[in-house]
Amino acid sequence: MPFRSMSSHRPVRRGAALLATVGLAATLLTACGSDAADPFRVGSDGSATMRVAAAVYAGALQRTGVRIEVQPKPEGDRRLLDETAQGDLDLFPAFTGELLTTLTPKPEATSAADVEDAVNRALPQDVTIGDPAAVDNRRQLVLSQRLVDERHVTDLAGCGALPPGMPLVTTGTLTDDDRTAFAACRVGPVTEGLTAAEVVRRVASGTQLGTLTGLEAATALAGHDDVTAVRSADTGPRSQDLVPVFRAGRVGKSQMKALSRVAGELTTADLAAMAQKVDGGADPTAVANEWLSTSGG
């Protein structure tokens, strides 16, 4: 069976090691919820996806008694990192691949484990990442089910079996790393900047290939049995797993457990559905609290 768009991997847990580290911090949140304690400040890049991801983490932490303050001003990953390292921010959500690109000019790591290790080595002092959720936003190859059946392509590593020179359509703009990752597919001309729905419509004809991010595929492919997304655990674009980035000294044992529970429950499909609601005008906090009440442990 071809690999569908919803991520099925479960990340390796880093919570035990992080608990040992943060357990030594002198500024643990032992006075959670106290008016005298500084609020726990959560930020994001301002996109619908990251606003609701930040709200999920904030809601989970608030349930441990932490007084939360969500920063309304959107910032890019570089600025969010700087503010966290300086102590002006306590947590923000990020995708590991994008985070690594921000931290390292020309990163080489692509697999989930290698990217996570490289991020950990490059983070500023006293800033760390929590367990990755089962949210994978890396780009995936999208093709018609007819091509899958005819060419037996069930993995990105096997896309060389596809007819050479097929046009490639995509959302956004492909990075050099993306183009390298899909080079084995021997694609022809590339058309960028389409909507996810347009990519699916063009790919369904069987005459074009496409790419979508994991979150885009989770929603755009719903109900389209004639279109499939394929990827590979070993080859392909750089991994993009959702993680919380935070100041280690501001997260105590209860808060680490809360973040790990989110990591254990939040999926690509969950985040995509919530982001779609926020993009449609719903309040991120309300959407996140609904998910936490039903799925967030």
# chains A, B, ... in the order shown; residues from 1 in each chain; ligands from 1
call {"tool": "select_by_dssp", "arguments": {"residues": "region 158-254 of chain A", "states": "strand (DSSP E or B)", "output": "MDAnalysis selection string"}}
result
chainID A and resid 168:170 190:191 209:213 227:230 241:247
call {"tool": "closest_atom_pairs", "arguments": {"of": "region 65-179 of chain A", "to": "region 202-220 of chain A", "cutoff": "10 Å", "atoms": "only C-alpha atoms", "output": "Markdown table"}}
result
| residue | atom | partner | partner_atom | distance |
| --- | --- | --- | --- | --- |
| A:Val135 | CA | A:Gly214 | CA | 8.0 |
| A:Asp136 | CA | A:Gly214 | CA | 5.8 |
| A:Asn137 | CA | A:Gly214 | CA | 4.0 |
| A:Arg138 | CA | A:Thr213 | CA | 5.4 |
| A:Arg139 | CA | A:Thr213 | CA | 4.1 |
| A:Gln140 | CA | A:Thr211 | CA | 5.4 |
| A:Leu141 | CA | A:Thr211 | CA | 4.7 |
| A:Val142 | CA | A:Gly210 | CA | 4.8 |
| A:Leu143 | CA | A:Leu209 | CA | 5.2 |
| A:Ser144 | CA | A:Ala204 | CA | 5.1 |
| A:Gln145 | CA | A:Ala204 | CA | 7.9 |
| A:Arg146 | CA | A:Gly206 | CA | 6.8 |
| A:Leu147 | CA | A:Gly206 | CA | 6.5 |
| A:Val148 | CA | A:Gly206 | CA | 9.7 |
| A:Leu162 | CA | A:Leu209 | CA | 9.6 |
| A:Pro163 | CA | A:Thr207 | CA | 9.6 |
| A:Gly165 | CA | A:Gln208 | CA | 9.4 |
| A:Met166 | CA | A:Gln208 | CA | 5.6 |
| A:Pro167 | CA | A:Gln208 | CA | 5.1 |
| A:Leu168 | CA | A:Leu209 | CA | 4.8 |
| A:Val169 | CA | A:Gly210 | CA | 4.6 |
| A:Thr170 | CA | A:Thr211 | CA | 5.0 |
| A:Thr171 | CA | A:Leu212 | CA | 6.4 |
| A:Gly172 | CA | A:Leu212 | CA | 8.9 |
| A:Leu174 | CA | A:Thr211 | CA | 9.1 |
| A:Asp178 | CA | A:Thr211 | CA | 9.6 |
call {"tool": "closest_residue", "arguments": {"among": "A:Ala272, A:Val127, A:Val70, A:Ala60", "to": "Ser44 (chain A)", "atoms": "only C-alpha atoms"}}
result
A:Val70
call {"tool": "closest_residue", "arguments": {"among": "A:Asp77, A:Glu83, A:Asp126, A:Asp90", "to": "Phe40 (chain A)", "atoms": "only C-alpha atoms"}}
result
A:Asp90
call {"tool": "closest_residue", "arguments": {"among": "A:Asp117, A:Asp279, A:Glu198, A:Asp155", "to": "Asp234 (chain A)", "atoms": "only C-alpha atoms"}}
result
A:Asp155
call {"tool": "closest_residue", "arguments": {"among": "A:Leu100, A:Leu292, A:Val287, A:Leu80", "to": "Thr49 (chain A)", "atoms": "only C-alpha atoms"}}
result
A:Val287
call {"tool": "residues_around", "arguments": {"residues": "Arg41 (chain A)", "least_positions_apart": "2", "cutoff": "9 Å", "atoms": "only C-alpha atoms", "output": "PyMOL selection string"}}
result
chain A and resi 38-39+43+58+67-71+88-92
call {"tool": "write_last_selection", "arguments": {"atoms": "N, CA, C and O atoms", "output": "short mmCIF file (atom, residue, chain, number, x, y, z; two decimals), in the first residue's frame"}}
result
data_model
loop_
_atom_site.label_atom_id
_atom_site.label_comp_id
_atom_site.auth_asym_id
_atom_site.auth_seq_id
_atom_site.Cartn_x
_atom_site.Cartn_y
_atom_site.Cartn_z
N ASP A 38 6.79 35.14 37.65
CA ASP A 38 6.74 35.70 36.31
C ASP A 38 5.88 34.82 35.43
O ASP A 38 5.94 33.59 35.52
N PRO A 39 5.09 35.42 34.53
CA PRO A 39 4.29 34.59 33.63
C PRO A 39 5.19 33.83 32.67
O PRO A 39 6.30 34.25 32.34
N GLY A 43 5.44 32.33 22.48
CA GLY A 43 5.36 33.08 21.24
C GLY A 43 5.21 32.17 20.03
O GLY A 43 5.20 30.95 20.15
N ALA A 58 0.70 26.08 25.29
CA ALA A 58 0.33 26.99 26.39
C ALA A 58 -0.79 26.40 27.23
O ALA A 58 -0.75 26.45 28.47
N ARG A 67 1.11 30.27 35.07
CA ARG A 67 0.43 31.47 34.57
C ARG A 67 1.01 31.80 33.20
O ARG A 67 2.18 32.14 33.08
N ILE A 68 0.18 31.72 32.17
CA ILE A 68 0.63 31.84 30.79
C ILE A 68 0.39 33.24 30.24
O ILE A 68 -0.63 33.87 30.50
N GLU A 69 1.33 33.70 29.46
CA GLU A 69 1.17 34.95 28.71
C GLU A 69 1.55 34.68 27.27
O GLU A 69 2.72 34.39 26.98
N VAL A 70 0.58 34.72 26.36
CA VAL A 70 0.85 34.49 24.94
C VAL A 70 1.24 35.81 24.30
O VAL A 70 0.49 36.79 24.38
N GLN A 71 2.41 35.84 23.69
CA GLN A 71 2.89 37.07 23.06
C GLN A 71 2.14 37.30 21.75
O GLN A 71 2.12 36.43 20.88
N ASP A 88 13.65 36.74 27.27
CA ASP A 88 12.45 37.54 27.03
C ASP A 88 11.27 36.69 26.59
O ASP A 88 10.14 37.16 26.50
N LEU A 89 11.51 35.42 26.28
CA LEU A 89 10.48 34.48 25.85
C LEU A 89 10.82 33.13 26.46
O LEU A 89 12.00 32.82 26.68
N ASP A 90 9.79 32.33 26.75
CA ASP A 90 10.04 31.05 27.42
C ASP A 90 9.82 29.84 26.52
O ASP A 90 10.42 28.79 26.74
N LEU A 91 8.96 29.95 25.50
CA LEU A 91 8.70 28.80 24.64
C LEU A 91 8.09 29.27 23.33
O LEU A 91 7.30 30.22 23.30
N PHE A 92 8.43 28.57 22.25
CA PHE A 92 7.74 28.75 20.98
C PHE A 92 7.81 27.44 20.21
O PHE A 92 8.74 26.64 20.39
#
call {"tool": "closest_residue", "arguments": {"among": "A:Lys257, A:Arg238, A:His152, A:Arg51", "to": "Leu99 (chain A)", "atoms": "only C-alpha atoms"}}
result
A:Arg238
call {"tool": "select_by_dssp", "arguments": {"residues": "region 7-227 of chain A", "states": "helix (DSSP H, G or I)", "output": "ChimeraX atom specification"}}
result
/A:15-22,48-62,77-86,96-103,112-122,145-151,156-161,176-181,183-185,196-204,214-220
call {"tool": "closest_residue", "arguments": {"among": "A:Glu75, A:Asp82, A:Ala53, A:Pro189", "to": "Arg247 (chain A)", "atoms": "only C-alpha atoms"}}
result
A:Asp82
